[in-house]
$ cat input-v2.txt   # compact mmCIF, C-alpha atoms
# COMPACT_ATOMS: atom_id res chain seq x y z
CA MET A 12 103.39 99.42 30.02
CA LYS A 13 106.20 97.65 31.88
CA ILE A 14 108.24 98.48 34.96
CA THR A 15 111.80 99.25 33.88
CA HIS A 16 113.45 100.60 37.01
CA VAL A 17 113.13 100.25 40.76
CA GLU A 18 115.27 102.63 42.78
CA VAL A 19 115.80 103.67 46.39
CA HIS A 20 116.55 107.30 47.28
CA ARG A 21 117.92 108.07 50.73
CA ILE A 22 116.24 111.05 52.41
CA ASP A 23 116.73 112.96 55.65
CA VAL A 24 113.84 112.55 58.07
CA PRO A 25 114.04 115.53 60.47
CA ALA A 26 114.11 114.99 64.20
CA ALA A 27 111.11 116.09 66.25
CA ASP A 28 111.59 119.51 67.82
CA PRO A 29 111.24 119.27 70.76
CA PRO A 30 111.90 115.53 71.15
CA PHE A 31 109.04 113.50 72.62
CA SER A 32 108.54 110.23 74.44
CA TRP A 33 106.10 107.32 74.53
CA ARG A 34 105.10 105.16 77.49
CA GLN A 35 107.62 103.63 79.85
CA GLY A 36 109.56 100.87 78.09
CA LEU A 37 109.34 102.32 74.55
CA SER A 38 111.82 104.48 72.68
CA GLY A 39 111.01 108.12 72.13
CA SER A 40 111.31 110.19 68.97
CA ALA A 41 114.30 109.46 66.76
CA PRO A 42 117.12 111.84 65.84
CA VAL A 43 117.59 112.83 62.19
CA GLY A 44 116.99 109.58 60.35
CA ASP A 45 118.05 108.00 57.09
CA GLY A 46 114.62 107.48 55.54
CA ALA A 47 114.01 106.27 52.02
CA VAL A 48 111.76 106.68 49.00
CA LEU A 49 110.90 103.73 46.77
CA HIS A 50 110.79 104.97 43.16
CA ILE A 51 109.21 102.82 40.43
CA GLY A 52 109.42 103.83 36.74
CA THR A 53 108.16 102.42 33.42
CA ASP A 54 109.01 102.25 29.74
CA GLU A 55 106.27 104.83 29.01
CA GLY A 56 107.52 107.38 31.52
CA ALA A 57 104.91 106.75 34.23
CA GLU A 58 106.39 106.85 37.75
CA GLY A 59 105.29 106.32 41.32
CA VAL A 60 106.87 106.76 44.74
CA ALA A 61 106.35 105.71 48.36
CA VAL A 62 108.10 107.05 51.45
CA PHE A 63 109.56 104.84 54.21
CA ALA A 64 110.38 107.09 57.15
CA ARG A 65 111.29 104.68 59.95
CA PRO A 66 114.81 104.89 61.45
CA GLY A 67 117.21 102.81 59.37
CA ALA A 68 114.81 102.74 56.44
CA ALA A 69 117.37 103.53 53.75
CA VAL A 70 119.64 100.60 54.56
CA THR A 71 116.72 98.21 55.01
CA LEU A 72 114.90 99.16 51.82
CA ARG A 73 117.98 99.30 49.61
CA GLU A 74 118.97 95.80 50.70
CA LEU A 75 115.47 94.43 50.06
CA VAL A 76 115.19 96.08 46.65
CA ASP A 77 118.59 94.77 45.57
CA ARG A 78 117.99 91.26 46.90
CA VAL A 79 114.23 90.72 46.48
CA PHE A 80 112.00 93.38 44.93
CA ARG A 81 113.82 94.55 41.81
CA ASP A 82 113.97 91.13 40.17
CA GLU A 83 110.30 90.57 40.99
CA LEU A 84 109.11 93.93 39.62
CA LEU A 85 111.17 94.46 36.48
CA GLY A 86 109.07 93.70 33.41
CA ALA A 87 105.80 93.60 35.37
CA ASP A 88 102.68 95.56 34.40
CA PRO A 89 102.34 98.33 37.05
CA PHE A 90 98.54 98.25 36.75
CA ARG A 91 98.39 94.64 37.98
CA ARG A 92 98.40 95.85 41.56
CA GLU A 93 96.40 92.89 42.89
CA TRP A 94 98.84 90.41 41.40
CA LEU A 95 101.84 92.28 42.70
CA TRP A 96 100.24 92.67 46.14
CA HIS A 97 99.90 88.90 46.32
CA ARG A 98 103.46 88.44 45.11
CA VAL A 99 104.79 90.58 47.96
CA TRP A 100 102.99 88.33 50.45
CA GLU A 101 104.44 85.28 48.74
CA LEU A 102 107.91 86.78 49.09
CA ASP A 103 107.21 87.49 52.77
CA ARG A 104 106.80 83.75 53.39
CA ILE A 105 110.54 83.25 52.85
CA HIS A 106 112.03 86.67 53.52
CA GLU A 107 109.98 87.72 56.61
CA LEU A 108 109.64 91.32 55.43
CA PRO A 109 109.33 94.11 58.02
CA LEU A 110 105.65 94.96 58.52
CA PRO A 111 105.89 98.56 57.14
CA VAL A 112 107.62 97.26 53.98
CA LEU A 113 104.71 94.98 53.00
CA GLY A 114 102.72 97.91 51.59
CA LEU A 115 105.46 100.08 50.05
CA VAL A 116 105.32 98.62 46.55
CA ASP A 117 101.52 98.87 46.61
CA VAL A 118 101.59 102.54 47.66
CA ALA A 119 104.08 103.38 44.91
CA LEU A 120 101.91 101.62 42.31
CA TRP A 121 98.79 103.48 43.45
CA ASP A 122 100.74 106.72 43.25
CA LEU A 123 101.79 105.81 39.71
CA ALA A 124 98.19 105.07 38.73
CA GLY A 125 97.00 108.39 40.10
CA ARG A 126 99.65 110.26 38.13
CA VAL A 127 98.78 108.41 34.93
CA HIS A 128 95.09 109.27 35.32
CA ASP A 129 95.81 112.77 36.70
CA ARG A 130 93.66 112.09 39.75
CA PRO A 131 94.33 111.88 43.49
CA VAL A 132 94.29 108.30 44.69
CA TRP A 133 91.31 108.81 47.02
CA GLN A 134 89.21 109.49 43.91
CA LEU A 135 90.48 106.34 42.18
CA LEU A 136 89.41 104.42 45.27
CA GLY A 137 85.85 105.66 44.85
CA GLY A 138 85.86 108.88 46.86
CA PHE A 139 83.54 108.91 49.87
CA ARG A 140 84.16 112.39 51.38
CA GLU A 141 86.12 115.57 50.80
CA ALA A 142 86.86 116.47 54.45
CA ILE A 143 87.06 114.67 57.78
CA PRO A 144 87.40 115.84 61.40
CA ALA A 145 90.76 115.36 63.12
CA TYR A 146 91.45 114.24 66.66
CA ALA A 147 94.61 115.10 68.60
CA SER A 148 96.69 111.99 69.31
CA THR A 149 99.13 112.84 72.09
CA SER A 150 102.59 111.57 72.80
CA THR A 151 103.37 110.91 76.49
CA PHE A 152 103.79 113.91 78.78
CA ALA A 153 105.27 114.07 82.27
CA THR A 154 102.27 115.01 84.39
CA THR A 155 98.48 115.00 84.47
CA GLU A 156 98.57 118.79 84.43
CA GLU A 157 100.50 118.78 81.15
CA PHE A 158 97.97 116.41 79.57
CA LEU A 159 95.09 118.63 80.66
CA SER A 160 96.79 121.74 79.29
CA VAL A 161 97.49 120.02 75.97
CA ALA A 162 93.85 118.92 75.74
CA ASP A 163 92.67 122.51 76.34
CA GLN A 164 94.97 123.82 73.62
CA CYS A 165 93.91 121.11 71.14
CA LEU A 166 90.22 121.79 71.63
CA ALA A 167 90.79 125.56 71.32
CA LEU A 168 92.59 124.90 68.01
CA GLY A 169 89.56 123.07 66.63
CA TYR A 170 90.42 119.40 67.17
CA HIS A 171 87.31 117.26 67.54
CA GLY A 172 88.61 114.90 70.21
CA VAL A 173 91.69 113.79 72.15
CA LYS A 174 93.42 110.41 72.33
CA LEU A 175 95.87 109.70 75.13
CA HIS A 176 99.15 107.81 74.95
CA ALA A 177 99.97 107.68 78.65
CA TRP A 178 102.59 106.08 80.94
CA GLY A 179 101.83 102.37 80.80
CA ASP A 180 100.86 102.12 84.48
CA ALA A 181 97.28 100.87 84.65
CA ARG A 182 96.30 102.69 87.84
CA ARG A 183 98.06 105.94 87.04
CA ASP A 184 96.67 105.89 83.50
CA ALA A 185 93.16 105.19 84.80
CA ALA A 186 93.37 108.21 87.10
CA LEU A 187 94.58 110.37 84.19
CA CYS A 188 91.73 109.21 81.96
CA GLN A 189 89.15 110.05 84.62
CA ALA A 190 90.80 113.41 85.30
CA LEU A 191 90.66 114.30 81.60
CA ARG A 192 86.98 113.38 81.39
CA ASP A 193 86.20 115.50 84.45
CA HIS A 194 88.21 118.35 82.96
CA VAL A 195 86.69 118.49 79.46
CA GLY A 196 83.15 117.46 80.37
CA PRO A 197 80.87 114.76 78.98
CA ASP A 198 80.60 115.84 75.35
CA VAL A 199 84.22 115.72 74.08
CA PRO A 200 85.16 112.44 72.36
CA LEU A 201 88.07 110.82 74.24
CA MET A 202 90.09 107.75 73.30
CA TYR A 203 92.93 105.84 74.95
CA ASP A 204 95.84 103.97 73.33
CA GLY A 205 97.79 101.59 75.57
CA SER A 206 100.66 101.07 73.09
CA ALA A 207 100.57 97.37 74.06
CA GLY A 208 101.79 98.09 77.59
CA PHE A 209 99.65 95.68 79.65
CA ASP A 210 98.84 92.09 80.41
CA LEU A 211 95.21 90.98 80.64
CA PRO A 212 94.61 91.74 84.35
CA ASP A 213 95.86 95.33 84.00
CA ALA A 214 94.03 95.75 80.69
CA LEU A 215 90.82 94.71 82.47
CA TYR A 216 91.37 97.18 85.30
CA LEU A 217 91.98 100.05 82.91
CA GLY A 218 89.12 99.02 80.63
CA HIS A 219 86.60 99.29 83.48
CA ALA A 220 87.91 102.79 84.27
CA LEU A 221 87.59 103.85 80.63
CA ALA A 222 84.02 102.57 80.51
CA GLU A 223 83.14 104.58 83.60
CA ALA A 224 84.64 107.69 81.97
CA ASP A 225 82.71 107.04 78.72
CA TYR A 226 85.71 106.77 76.39
CA LEU A 227 84.88 106.29 72.72
CA TRP A 228 87.40 103.51 72.19
CA TYR A 229 90.16 101.50 73.91
CA GLU A 230 93.10 100.76 71.61
CA GLU A 231 95.92 98.21 71.75
CA PRO A 232 96.22 97.66 75.51
CA MET A 233 98.09 94.36 74.89
CA ARG A 234 100.40 93.06 72.19
CA GLU A 235 98.21 91.69 69.43
CA PHE A 236 99.55 88.15 69.57
CA SER A 237 96.71 86.56 71.57
CA ILE A 238 93.28 87.04 70.06
CA SER A 239 91.95 84.91 72.93
CA ALA A 240 93.13 87.52 75.44
CA TYR A 241 91.41 90.25 73.42
CA ARG A 242 88.22 88.21 73.29
CA ARG A 243 88.26 87.85 77.09
CA LEU A 244 88.84 91.59 77.43
CA ALA A 245 85.95 92.39 75.08
CA GLU A 246 83.63 90.08 77.02
CA SER A 247 84.54 91.76 80.32
CA VAL A 248 84.64 95.52 79.72
CA ALA A 249 82.00 97.90 78.36
CA VAL A 250 84.38 100.30 76.62
CA PRO A 251 84.54 99.47 72.87
CA LEU A 252 87.81 97.97 71.61
CA LEU A 253 89.72 99.15 68.52
CA VAL A 254 92.07 96.33 67.52
CA ALA A 255 94.39 94.84 64.88
CA GLU A 256 96.75 97.78 64.35
CA THR A 257 100.21 96.21 64.54
CA SER A 258 99.44 92.52 64.03
CA ASP A 259 100.68 90.97 60.81
CA GLY A 260 98.37 89.68 58.10
CA ALA A 261 96.35 92.75 57.02
CA HIS A 262 92.66 91.90 56.52
CA MET A 263 93.31 88.19 57.06
CA ASN A 264 94.32 88.78 60.66
CA SER A 265 91.67 91.47 61.18
CA ALA A 266 89.05 88.90 60.20
CA ASP A 267 90.03 86.67 63.12
CA PHE A 268 89.79 89.59 65.57
CA ILE A 269 86.29 90.33 64.26
CA ARG A 270 85.18 86.68 64.25
CA SER A 271 86.33 86.26 67.85
CA GLY A 272 84.16 89.16 69.01
CA ALA A 273 87.19 91.26 70.04
CA ALA A 274 86.55 94.19 67.67
CA THR A 275 83.68 95.80 69.54
CA PHE A 276 84.42 99.24 68.05
CA GLY A 277 86.32 98.16 64.97
CA VAL A 278 89.74 97.51 63.47
CA ARG A 279 92.63 99.66 62.37
CA ALA A 280 93.32 100.44 58.71
CA SER A 281 96.52 102.05 57.46
CA THR A 282 98.86 101.94 54.51
CA THR A 283 101.87 101.51 56.82
CA LEU A 284 100.83 98.52 58.91
CA ARG A 285 98.00 96.83 56.97
CA GLY A 286 99.62 96.12 53.61
CA GLY A 287 99.46 99.40 51.72
CA VAL A 288 96.40 100.91 50.07
CA THR A 289 95.13 97.54 48.86
CA GLY A 290 95.41 95.89 52.28
CA ALA A 291 93.80 98.87 54.02
CA MET A 292 90.85 98.92 51.65
CA ARG A 293 90.31 95.18 52.06
CA THR A 294 90.34 95.69 55.82
CA ALA A 295 87.81 98.53 55.59
CA HIS A 296 85.42 96.53 53.41
CA LEU A 297 85.73 93.52 55.71
CA ALA A 298 84.85 95.65 58.74
CA ASP A 299 81.96 97.27 56.90
CA ALA A 300 80.44 93.87 56.20
CA PHE A 301 80.18 93.43 59.99
CA ARG A 302 78.98 97.04 60.49
CA LEU A 303 82.19 97.95 62.30
CA ARG A 304 84.53 100.91 61.94
CA ALA A 305 87.86 100.82 60.13
CA GLU A 306 89.67 103.70 61.82
CA VAL A 307 92.61 105.03 59.81
CA HIS A 308 95.88 105.04 61.76
CA GLY A 309 98.65 107.56 61.24
CA SER A 310 99.39 111.18 60.40
CA ASP A 311 100.64 111.04 56.83
CA ILE A 312 99.53 111.69 53.26
CA PRO A 313 98.70 108.12 52.17
CA ASN A 314 96.38 107.83 55.14
CA GLN A 315 94.71 111.14 54.25
CA HIS A 316 93.74 109.48 50.98
CA LEU A 317 92.37 106.50 52.91
CA CYS A 318 90.30 108.79 55.14
CA MET A 319 88.63 110.27 52.07
CA ALA A 320 87.96 106.86 50.49
CA ILE A 321 86.80 104.73 53.45
CA SER A 322 83.16 105.15 54.40
CA ASN A 323 83.38 103.54 57.86
CA THR A 324 86.13 105.68 59.39
CA THR A 325 85.42 108.49 61.84
CA TYR A 326 88.49 110.71 62.19
CA TYR A 327 91.93 111.62 60.92
CA GLU A 328 94.64 110.97 63.54
CA SER A 329 96.80 114.07 64.04
CA LEU A 330 99.87 113.61 66.22
CA VAL A 331 100.51 116.19 68.97
CA THR A 332 103.94 115.83 70.56
CA SER A 333 104.65 119.09 72.40
CA THR A 334 103.15 120.74 75.48
CA THR A 335 102.93 123.86 73.34
CA VAL A 336 100.50 122.67 70.70
CA VAL A 337 100.90 123.66 67.06
CA ARG A 338 98.11 122.43 64.81
CA GLU A 339 99.26 120.10 62.03
CA ARG A 340 99.34 122.04 58.75
CA HIS A 341 96.83 119.68 57.12
CA VAL A 342 94.25 120.48 59.84
CA ASP A 343 92.30 123.74 59.41
CA ASP A 344 90.96 126.04 62.12
CA ARG A 345 87.70 124.05 62.23
CA GLY A 346 89.62 120.87 62.93
CA LEU A 347 89.05 119.44 59.46
CA VAL A 348 91.43 117.72 57.06
CA HIS A 349 90.56 118.28 53.41
CA ALA A 350 91.05 115.86 50.55
CA PRO A 351 94.40 116.05 48.74
CA ALA A 352 94.04 117.72 45.35
CA GLY A 353 97.15 116.70 43.42
CA PRO A 354 97.58 113.58 41.28
CA GLY A 355 98.73 110.36 42.89
CA ILE A 356 99.57 110.39 46.60
CA ALA A 357 102.52 112.85 46.98
CA LEU A 358 105.55 112.95 49.24
CA PRO A 359 105.36 115.14 52.37
CA LEU A 360 107.01 118.55 52.41
CA ASP A 361 108.88 117.88 55.64
CA PHE A 362 111.69 115.66 54.44
CA GLY A 363 114.98 116.43 52.69
CA TYR A 364 114.76 115.33 49.05
CA GLY A 365 117.16 115.56 46.16
CA SER A 366 116.21 117.14 42.86
CA ALA A 367 115.13 113.78 41.41
CA LEU A 368 112.16 113.64 43.80
CA GLN A 369 110.97 117.25 43.90
CA ARG A 370 108.29 116.72 41.26
CA PHE A 371 106.59 114.20 43.57
CA VAL A 372 106.38 116.47 46.62
CA GLU A 373 103.01 117.85 47.77
CA GLU A 374 102.10 121.45 47.04
CA PRO A 375 101.95 123.72 50.12
CA ARG A 376 98.38 124.41 51.25
$ encode --input "input-v2.txt" --output "structure tokens"
Amino acid sequence: MKITHVEVHRIDVPAADPPFSWRQGLSGSAPVGDGAVLHIGTDEGAEGVAVFARPGAAVTLRELVDRVFRDELLGADPFRREWLWHRVWELDRIHELPLPVLGLVDVALWDLAGRVHDRPVWQLLGGFREAIPAYASTSTFATTEEFLSVADQCLALGYHGVKLHAWGDARRDAALCQALRDHVGPDVPLMYDGSAGFDLPDALYLGHALAEADYLWYEEPMREFSISAYRRLAESVAVPLLVAETSDGAHMNSADFIRSGAATFGVRASTTLRGGVTGAMRTAHLADAFRLRAEVHGSDIPNQHLCMAISNTTYYESLVTSTTVVRERHVDDRGLVHAPAGPGIALPLDFGYGSALQRFVEEPR
């Protein structure tokens, strides 16, 4: 079997309704976006797809396919995923590929393999579980009272924990984190994500407050450029650190975070930011060797497959962006996400596809 075509389909990515924001200094939710689907086909009719939903994705991906990827992929065996994964990293040395693009070819090839074998990809990866609890991962709201109300709604809807994305002010965020702990009591798992908003002194201040409030993990308080800064943070605060989400290098970079002692809870694994399915699984196995967690990042279908395949992950991350909480459709009333049943990986229902892609879209649950 040989790859015979590599195409890019523009898709409409709907705007969030209502729009939402992140911490001070970051952009909020995007308007209707020109997303893209990478579509790989073969001489024997086998096909695979991967969605790229970031703003500007269609222009970016089409240019990279025309200039870089198509020539590399045409004529290749689609089952040589390891070889092609390495080739993408070789290409990155010269072309400096955007981080979310590094795993797109890999996701499409895993989707193709699942469709050929008529199995969901999480089963091809070994299959560890068939359901996983979800936590509510908030966007940033205006007031402490709004955060507390959202937490109440999430817990009433069955979510198993709450992770805060707050304002990016260490003292204000610390007060919010303590207020949430006082509000929900000692038994609800709580997490905090700093969205890389702090320097080391502020990260230390907030880390001590999170430890006092018994937060399960402390995620990305600083940009992940300085592993030395993360090591100093880990040595100084008692709250466990979850690291290596947005840093380049997949498992290679995660290994340095672990070796330094910075990953006191674990590392992030995702198809979007850790080099596709292959990079995420390498990251998970690396973390497992050190008896650490590999927490799956992101609310999308490829990462649902990862959640079902990775033994050392705890939760599915379900994004909550409105003060009136509506449970994500993949989360049931017990707060569980169940394993995808269809072959391959599947495209999400939410986006606007043309007729050429409809056969790849997930079935409604």
$ atom_distance --input "input-v2.txt" --atom1 "CA of Arg293 (chain A)" --atom2 "CA of Leu227 (chain A)"
24.1 Å
$ residues_around --input "input-v2.txt" --residues "region 353-364 of chain A" --least-positions-apart "6" --cutoff "8 Å" --atoms "all atoms listed in the file" --output "PyMOL selection string"
chain A and resi 22-25+59-62+121-126+128-132+311-313+316+371-375
$ closest_residue --input "input-v2.txt" --among "A:Gly346, A:Pro212, A:Pro111, A:Gly172" --to "Thr257 (chain A)" --atoms "only C-alpha atoms"
A:Pro111
$ closest_residue --input "input-v2.txt" --among "A:Val199, A:Ala177, A:Glu306, A:Glu93" --to "Ser32 (chain A)" --atoms "all atoms listed in the file"
A:Ala177
$ closest_residue --input "input-v2.txt" --among "A:Val127, A:Val250, A:Ile238, A:Ala266" --to "Leu221 (chain A)" --atoms "only C-alpha atoms"
A:Val250
$ residues_around --input "input-v2.txt" --residues "Ser237 (chain A)" --least-positions-apart "5" --cutoff "12 Å" --atoms "only C-alpha atoms" --output "MDAnalysis selection string"
chainID A and resid 207 210:211 231:232 242:244 254:255 258 264 267:268 271 273
$ write_last_selection --input "input-v2.txt" --atoms "C-alpha atoms" --output "tab-separated table (two decimals), in the frame of the given file"
chain	number	residue	atom	x	y	z
A	207	ALA	CA	100.57	97.37	74.06
A	210	ASP	CA	98.84	92.09	80.41
A	211	LEU	CA	95.21	90.98	80.64
A	231	GLU	CA	95.92	98.21	71.75
A	232	PRO	CA	96.22	97.66	75.51
A	242	ARG	CA	88.22	88.21	73.29
A	243	ARG	CA	88.26	87.85	77.09
A	244	LEU	CA	88.84	91.59	77.43
A	254	VAL	CA	92.07	96.33	67.52
A	255	ALA	CA	94.39	94.84	64.88
A	258	SER	CA	99.44	92.52	64.03
A	264	ASN	CA	94.32	88.78	60.66
A	267	ASP	CA	90.03	86.67	63.12
A	268	PHE	CA	89.79	89.59	65.57
A	271	SER	CA	86.33	86.26	67.85
A	273	ALA	CA	87.19	91.26	70.04
$ residues_around --input "input-v2.txt" --residues "Glu157 (chain A)" --least-positions-apart "2" --cutoff "12 Å" --atoms "all atoms listed in the file" --output "number ranges by chain"
A: 149-155, 159-164, 175, 177, 187, 190-191, 332-336
$ residues_around --input "input-v2.txt" --residues "Leu253 (chain A)" --least-positions-apart "3" --cutoff "6 Å" --atoms "all atoms listed in the file" --output "PDB file with C-alpha atoms, in the frame of the given file"
ATOM      1  CA  TYR A 229      90.160 101.500  73.910  1.00  0.00           C
ATOM      2  CA  GLU A 230      93.100 100.760  71.610  1.00  0.00           C
ATOM      3  CA  ALA A 274      86.550  94.190  67.670  1.00  0.00           C
ATOM      4  CA  PHE A 276      84.420  99.240  68.050  1.00  0.00           C
ATOM      5  CA  GLY A 277      86.320  98.160  64.970  1.00  0.00           C
ATOM      6  CA  VAL A 278      89.740  97.510  63.470  1.00  0.00           C
TER       7      VAL A 278
END
$ residues_around --input "input-v2.txt" --residues "Leu72 (chain A)" --least-positions-apart "2" --cutoff "12 Å" --atoms "all atoms listed in the file" --output "count of residues only"
37
$ closest_residue --input "input-v2.txt" --among "A:Ala245, A:Val331, A:Ile14, A:Met319" --to "Pro351 (chain A)" --atoms "only C-alpha atoms"
A:Met319
$ closest_residue --input "input-v2.txt" --among "A:Thr283, A:Ser148, A:Thr289, A:Thr294" --to "Ser265 (chain A)" --atoms "all atoms listed in the file"
A:Thr294
